[in-house]
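Here the structure is laid out as structure tokens; the discussion comes afterwards.
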Amino acid sequence: MPGLSRRHFLTGVAALAAATGLNIDVLGRGLAARAQTTAQTAAGIPTTLQQTILQGSVIQGSYRGLVTGPGEPYIPRLDILRASPSSARTTARRSLLYLGHLSDLHVIDAQSPGRIEPMIVQDHSAWGSAFHPQDPLSPHATAAMVQAFSDARYSPLTGAPMSAAIVTGDSADMHSHQELRWYIDLMDGLSVDPAYASSTFQGVQAWAEAIWAYRPGDPTGGAFGDYGFPQLPDLLSQAIAKPVDSVGLPAPWYAVYGNHDTLLLGTFNLSPQLHALAVGTQKSYTLEGTAGMALGGWAAATGILQQAVDALGLGWGRPGFREVAASPERYLFEQREFMAEHFNTQPTPGPVGHGFTQHNLDSGETWWATDLSPNVRGFGLDTCNQVAGPDGGVPEVQFRWLEAQLQQAQAENKLVLIFSHHNSLTLENKAQRFDDPQKLYGAEEFVAMLLKYPVVIGWLNGHTHLNQILAHGEGDRGFWEITTASCIDFPQQQQVVEVVDNRDGTLSLFTTVLDHASPAVPGSSGSVTDLASRSREFASNDWAESPMMRRGSPLDRNTELLLKAPFDLSRITDAALEKQHLTENARILAYETERGL
């Protein structure tokens with residue numbers, strides 16, 4: 001199939017120069033050079049194809065360090081295709097879409113009074129999501145992960161440029177506006193300042209009274225010290241010593257809601273007491289103090305008088321609380337504010353709204369559709385329960401909207417990717433308000449609906465903080481469900497996904513796992529990379545969980561997921577595909593020029 005002619009190439013370069021603001025000669029030379037070096041570029045991209053990070057030997061007590069291990073090649077999976085693929089596909093394939101997938105970033109403001117860490121029992125065996133030793137290092141780990149996506153802006157398989165990226169929820173950990181701003185700014189390539197409220201770290205990890213927490217200055221006397229967590233007297237000051245710089249994502253990015261973006265701790269509604277706590281000057285360090293305040297706000301009998309008493313208590317001080325610097329930026333955002341904040345963004349990489357549109361703001365609908373490329377359509381869903389509980393469901397109005405959209409995509413021969421926070425193992429939450437009787441669909445009905453439309457080839461999600469890939473099929477057709485890990489729990493990995501036409505009646509989804517761009521063994525410099533590395537090491541020593549399990553099996557990491565093509569992919573001409581890649585390459589060249597890469 002013929003590609004772009006020289007005349008069409010030159011015409012395209014001229015148009016792209018005007019769109020990107022790059023000098024036409026610089027752009028033309030850059031695009032020509034990219035065409036010559038695609039294979040070499042792909043071979044040198046840092047991913048887990050080249051190197052993995054594994055748990056090493058014990059350093060002290062039960063605390064283990066991390067080491068580098070060998071890379072992992074792609075493993076073909078035939079669960080849906082149910083036939084041996086042609087070996088010729090390896091030389092015939094062409095890239096239709098190269099996509100970044102981030103999820104469960106859990107960006108944390110560890111000094112916020114609204115971060116109620118004591119909602120964790122003394123033996124660290126429950127409420128684990130309320131506290132992690134690595135909490136103050138989450139902006140650093142997120143920035144290092146953004147760097148990893150920048151490093152992988154060209155496909156490690158084909159060298160194709162990244163078309164887009166998707167963030168599938170749980171971005172702001174504790175429903176804080178400050179955390180929401182930090183996450184958006186890190187995706188956009190701006191700096192965030194962890195010391196914005198105080199130049200001295202103010203939080204449970206700096207307070208001797210909070211023996212249930214990991215206190216890096218002196219971990220003795222508590223469970224973390226007994227386990228062998230190291231003494232790092234400079235860690236907290238390093239965490240807030242300077243702004244955290246981010247290189248920004250190299251392609252347009254899109255977002256959906258997670259349960260942590262919907263409810264407090266991803267589970268509870270927001271009470272007036274919690275709203276007051278978040279922007280106040282009192283931070284709790286005991287379970288009793290937190291429960292006395294927070295549970296009063298959730299009690300059904302709480303009235304205006306009790307709320308006033310609670311607010312006065314926060315102002316005058318209470319047992320189990322300490323004084324901290326207040327900041328109005330820590331307010332707890334409401335549901336529509338999550339969408340609205342995505343409009344306060346940089347023009348590049350864009351798009352403004354990151355999937356959400358003015359229609360979403362006007363209507364309150366929290367789901368969207370967009371064309372990620374001329375041939376691939378994405379649907380961003382909100383599977384979060386608005387009432388209570390961490391798991392989700394698909395509301396009937398959204399279910400019916402999606403089915404109508406899939407009928408249209410099927411008629412238009414558009415390949416489809418579905419994006420949501422929850423996965424098929426966690427779509428069973430049927431909690432409803434008495435005034436909202438609409439049906440909530442669970443996984444079985446949702447998967448059955450998707451299987452009716454062969455153009456659905458993938459469902460990308462998160463929530464469970466582990467790498468997992470499931471096949472959903474009927475006969476020899478179906479789609480792949482791809483769940484990525486998180487940036488807060490080990491292995492602190494994310495992934496890139498590439499849709500490839502094998503030119504033999506099949507297509508493949510290649511998944512490639514990324515570690516964030518930091519060394520396996522942390523240094524002591526206080527740099528973003530060293531602190532991100534320390535975060536990963538702490539996460540690997542979570543004795544209440546099974547951190548190594550979250551890596552998934554080799555069949556959940558670097559894979560080739562094969563499918564029958566849902567229509568004749570030769571309808572996508574080489575010339576049209578080259579035009580798409582020309583636009584994407586120009587956008588990334590502009591990104592590289594702006595950042596001096």
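Chain labels A, B, ... are given in the sequence in which chains occur in the structure tokens; within each chain residues are numbered consecutively from 1, and ligands are likewise numbered from 1 in the order shown.
Counting only C-alpha atoms, A:Pro76 has the following residues at most 12 Å away, ignoring those fewer than 2 positions along the same chain: Pro73, Tyr74, Leu78, Asp79, Ile80, Leu81, Arg82, Ala83, Ser84, Pro85, Ser86, Ser87, Thr90, Leu507, Ser508, Leu509, Phe510, Thr511, Pro554, Leu555, Asp556, Arg557, Asn558, Thr559, Glu560, Leu561, Leu562 and Leu563 of chain A.
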Output N, CA, C and O atoms for every residue in that selection, as a compact mmCIF listing (two decimals), in the first residue's frame.
# COMPACT_ATOMS: atom_id res chain seq x y z
N PRO A 73 11.05 -10.30 28.00
CA PRO A 73 10.56 -10.14 26.62
C PRO A 73 9.05 -10.20 26.56
O PRO A 73 8.37 -10.58 27.52
N TYR A 74 8.51 -9.83 25.41
CA TYR A 74 7.07 -9.95 25.19
C TYR A 74 6.67 -11.42 25.14
O TYR A 74 7.34 -12.24 24.50
N LEU A 78 -2.65 -16.12 23.50
CA LEU A 78 -3.58 -16.57 22.47
C LEU A 78 -4.93 -16.95 23.06
O LEU A 78 -5.72 -17.65 22.41
N ASP A 79 -5.23 -16.48 24.29
CA ASP A 79 -6.46 -16.88 24.98
C ASP A 79 -7.70 -16.60 24.15
O ASP A 79 -8.69 -17.33 24.25
N ILE A 80 -7.69 -15.53 23.35
CA ILE A 80 -8.86 -15.15 22.56
C ILE A 80 -8.72 -15.63 21.11
O ILE A 80 -9.66 -16.17 20.53
N LEU A 81 -7.55 -15.45 20.53
CA LEU A 81 -7.34 -15.83 19.13
C LEU A 81 -7.50 -17.33 18.94
O LEU A 81 -8.05 -17.79 17.92
N ARG A 82 -6.99 -18.12 19.88
CA ARG A 82 -7.12 -19.58 19.87
C ARG A 82 -6.57 -20.20 18.59
O ARG A 82 -7.13 -21.17 18.05
N ALA A 83 -5.50 -19.63 18.10
CA ALA A 83 -4.84 -20.17 16.91
C ALA A 83 -3.39 -19.70 16.93
O ALA A 83 -3.06 -18.70 17.57
N SER A 84 -2.54 -20.43 16.25
CA SER A 84 -1.13 -20.03 16.18
C SER A 84 -1.00 -18.84 15.24
O SER A 84 -1.45 -18.90 14.08
N PRO A 85 -0.39 -17.77 15.70
CA PRO A 85 -0.25 -16.60 14.83
C PRO A 85 0.83 -16.81 13.79
O PRO A 85 1.74 -17.64 13.94
N SER A 86 0.74 -16.07 12.72
CA SER A 86 1.73 -16.16 11.65
C SER A 86 3.06 -15.55 12.11
O SER A 86 3.09 -14.46 12.70
N SER A 87 4.14 -16.24 11.84
CA SER A 87 5.46 -15.70 12.20
C SER A 87 5.81 -14.49 11.34
O SER A 87 6.65 -13.67 11.73
N THR A 90 5.81 -10.43 12.50
CA THR A 90 6.86 -9.66 13.17
C THR A 90 7.54 -8.68 12.23
O THR A 90 8.09 -7.67 12.67
N LEU A 507 -4.83 -8.42 14.87
CA LEU A 507 -4.13 -7.28 15.46
C LEU A 507 -3.60 -7.70 16.82
O LEU A 507 -4.04 -8.70 17.40
N SER A 508 -2.64 -6.94 17.33
CA SER A 508 -2.04 -7.22 18.62
C SER A 508 -2.05 -5.96 19.48
O SER A 508 -1.85 -4.85 18.96
N LEU A 509 -2.30 -6.14 20.77
CA LEU A 509 -2.08 -5.09 21.75
C LEU A 509 -0.81 -5.47 22.52
O LEU A 509 -0.78 -6.51 23.19
N PHE A 510 0.22 -4.67 22.38
CA PHE A 510 1.47 -4.90 23.11
C PHE A 510 1.44 -4.08 24.40
O PHE A 510 1.22 -2.86 24.37
N THR A 511 1.64 -4.73 25.53
CA THR A 511 1.76 -4.04 26.81
C THR A 511 3.21 -4.08 27.26
O THR A 511 3.85 -5.14 27.22
N PRO A 554 4.36 -13.05 34.75
CA PRO A 554 4.89 -12.61 33.45
C PRO A 554 3.81 -12.42 32.40
O PRO A 554 3.97 -11.60 31.48
N LEU A 555 2.69 -13.12 32.52
CA LEU A 555 1.59 -12.99 31.56
C LEU A 555 0.77 -11.71 31.78
O LEU A 555 -0.14 -11.43 31.00
N ASP A 556 1.10 -10.96 32.84
CA ASP A 556 0.43 -9.69 33.14
C ASP A 556 1.32 -8.48 32.90
O ASP A 556 0.91 -7.36 33.21
N ARG A 557 2.50 -8.69 32.35
CA ARG A 557 3.45 -7.57 32.24
C ARG A 557 3.74 -7.28 30.76
O ARG A 557 2.95 -6.63 30.09
N ASN A 558 4.85 -7.75 30.26
CA ASN A 558 5.21 -7.47 28.86
C ASN A 558 4.60 -8.56 27.97
O ASN A 558 5.07 -9.70 27.97
N THR A 559 3.56 -8.19 27.24
CA THR A 559 2.79 -9.19 26.51
C THR A 559 2.44 -8.72 25.10
O THR A 559 2.42 -7.53 24.81
N GLU A 560 2.14 -9.69 24.26
CA GLU A 560 1.49 -9.45 22.98
C GLU A 560 0.12 -10.12 23.05
O GLU A 560 0.02 -11.34 23.13
N LEU A 561 -0.93 -9.32 23.02
CA LEU A 561 -2.30 -9.81 23.19
C LEU A 561 -2.96 -9.84 21.81
O LEU A 561 -3.28 -8.79 21.25
N LEU A 562 -3.17 -11.02 21.27
CA LEU A 562 -3.64 -11.16 19.89
C LEU A 562 -5.15 -11.27 19.81
O LEU A 562 -5.80 -11.84 20.68
N LEU A 563 -5.69 -10.72 18.73
CA LEU A 563 -7.13 -10.73 18.44
C LEU A 563 -7.34 -10.87 16.94
O LEU A 563 -6.48 -10.46 16.14
Review point. Can you tell me, as a PyMOL selection string, what residues are no more than 8 Å from A:Glu428 when counting only C-alpha atoms, ignoring any on the same chain fewer than 3 positions away?
Key: chain A and resi 391-393+425+441-443
Store the residues picked out above, limited to all heavy atoms, as a CSV table (one decimal), in the first residue's frame.
chain,number,residue,atom,x,y,z
A,391,ASP,N,-15.4,0.1,45.8
A,391,ASP,CA,-15.6,-0.5,44.5
A,391,ASP,C,-16.7,0.2,43.8
A,391,ASP,O,-17.4,1.1,44.3
A,391,ASP,CB,-15.9,-2.0,44.7
A,391,ASP,CG,-14.7,-2.8,45.2
A,391,ASP,OD1,-13.6,-2.2,45.1
A,391,ASP,OD2,-14.8,-3.9,45.8
A,392,GLY,N,-16.9,-0.2,42.5
A,392,GLY,CA,-17.8,0.6,41.7
A,392,GLY,C,-18.9,-0.2,41.0
A,392,GLY,O,-19.1,-1.4,41.2
A,393,GLY,N,-19.5,0.5,40.0
A,393,GLY,CA,-20.6,0.0,39.2
A,393,GLY,C,-20.8,0.9,38.0
A,393,GLY,O,-20.3,2.1,38.1
A,425,LEU,N,-13.1,-7.2,38.3
A,425,LEU,CA,-13.2,-7.8,39.6
A,425,LEU,C,-13.7,-6.9,40.7
A,425,LEU,O,-13.9,-7.4,41.9
A,425,LEU,CB,-11.8,-8.3,40.0
A,425,LEU,CG,-11.1,-9.3,39.0
A,425,LEU,CD1,-9.7,-9.7,39.5
A,425,LEU,CD2,-12.0,-10.5,38.8
A,441,TYR,N,-25.0,-1.4,37.0
A,441,TYR,CA,-24.6,-2.6,36.3
A,441,TYR,C,-23.3,-3.1,36.9
A,441,TYR,O,-22.3,-2.3,37.1
A,441,TYR,CB,-24.5,-2.4,34.8
A,441,TYR,CG,-25.8,-2.3,34.1
A,441,TYR,CD1,-26.4,-1.0,34.0
A,441,TYR,CD2,-26.4,-3.4,33.5
A,441,TYR,CE1,-27.6,-0.9,33.4
A,441,TYR,CE2,-27.6,-3.3,32.9
A,441,TYR,CZ,-28.2,-2.0,32.8
A,441,TYR,OH,-29.4,-1.9,32.2
A,442,GLY,N,-23.2,-4.4,37.1
A,442,GLY,CA,-22.0,-5.0,37.6
A,442,GLY,C,-21.1,-5.6,36.4
A,442,GLY,O,-21.5,-5.4,35.2
A,443,ALA,N,-20.1,-6.2,36.7
A,443,ALA,CA,-19.1,-6.7,35.7
A,443,ALA,C,-19.7,-7.6,34.7
A,443,ALA,O,-19.4,-7.5,33.5
A,443,ALA,CB,-17.9,-7.3,36.4
Practice item. Work out how far atom CA of A:Trp368 is from atom CA of A:Asp109, in Å to one decimal. Key: 28.8 Å
May I have a table of the residues of stretch 109-175 of chain A lying at most 10 Å from stretch 269-276 of chain A, giving each one's closest pair of atoms and their distance in Å to one decimal, counting only C-alpha atoms, ordered by chain and ascending residue number, as a tab-separated table?
residue	atom	partner	partner_atom	distance
A:Pro113	CA	A:Leu274	CA	9.1
A:Gly114	CA	A:Leu274	CA	6.6
A:Arg115	CA	A:Leu274	CA	9.5
A:Ile116	CA	A:Leu274	CA	9.3
A:His175	CA	A:Leu270	CA	9.2
So that I have them on file, write out the residues from the current selection with C-alpha atoms, as a PDB file, in the first residue's frame.
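As written to disk, selection_17.pdb reads:
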ATOM      1  CA  PRO A 113      -4.607  18.276  58.385  1.00  0.00           C
ATOM      2  CA  GLY A 114      -7.191  16.668  56.123  1.00  0.00           C
ATOM      3  CA  ARG A 115      -4.946  13.636  55.691  1.00  0.00           C
ATOM      4  CA  ILE A 116      -6.279  11.548  58.556  1.00  0.00           C
ATOM      5  CA  HIS A 175      -9.662  14.549  48.029  1.00  0.00           C
TER       6      HIS A 175
END
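One finds atom CA of A:Gly378 at 27.9 Å from atom CA of A:Pro139.
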Check your understanding: Within 9 Å of A:Gly523, counting only C-alpha atoms, which residues qualify if same-chain residues fewer than 5 places away don't, as an MDAnalysis selection string?
Key -> chainID A and resid 529:531 533:534
**Study point:** Close residues, A:Trp182 itself excluded, 12 Å, only C-alpha atoms, min 6 positions apart in chain, as a PyMOL selection string
**Key:** chain A and resi 105-109+138-140+142-143+171-173+176+188-194+196+243-246+329-330+341-342+344-345
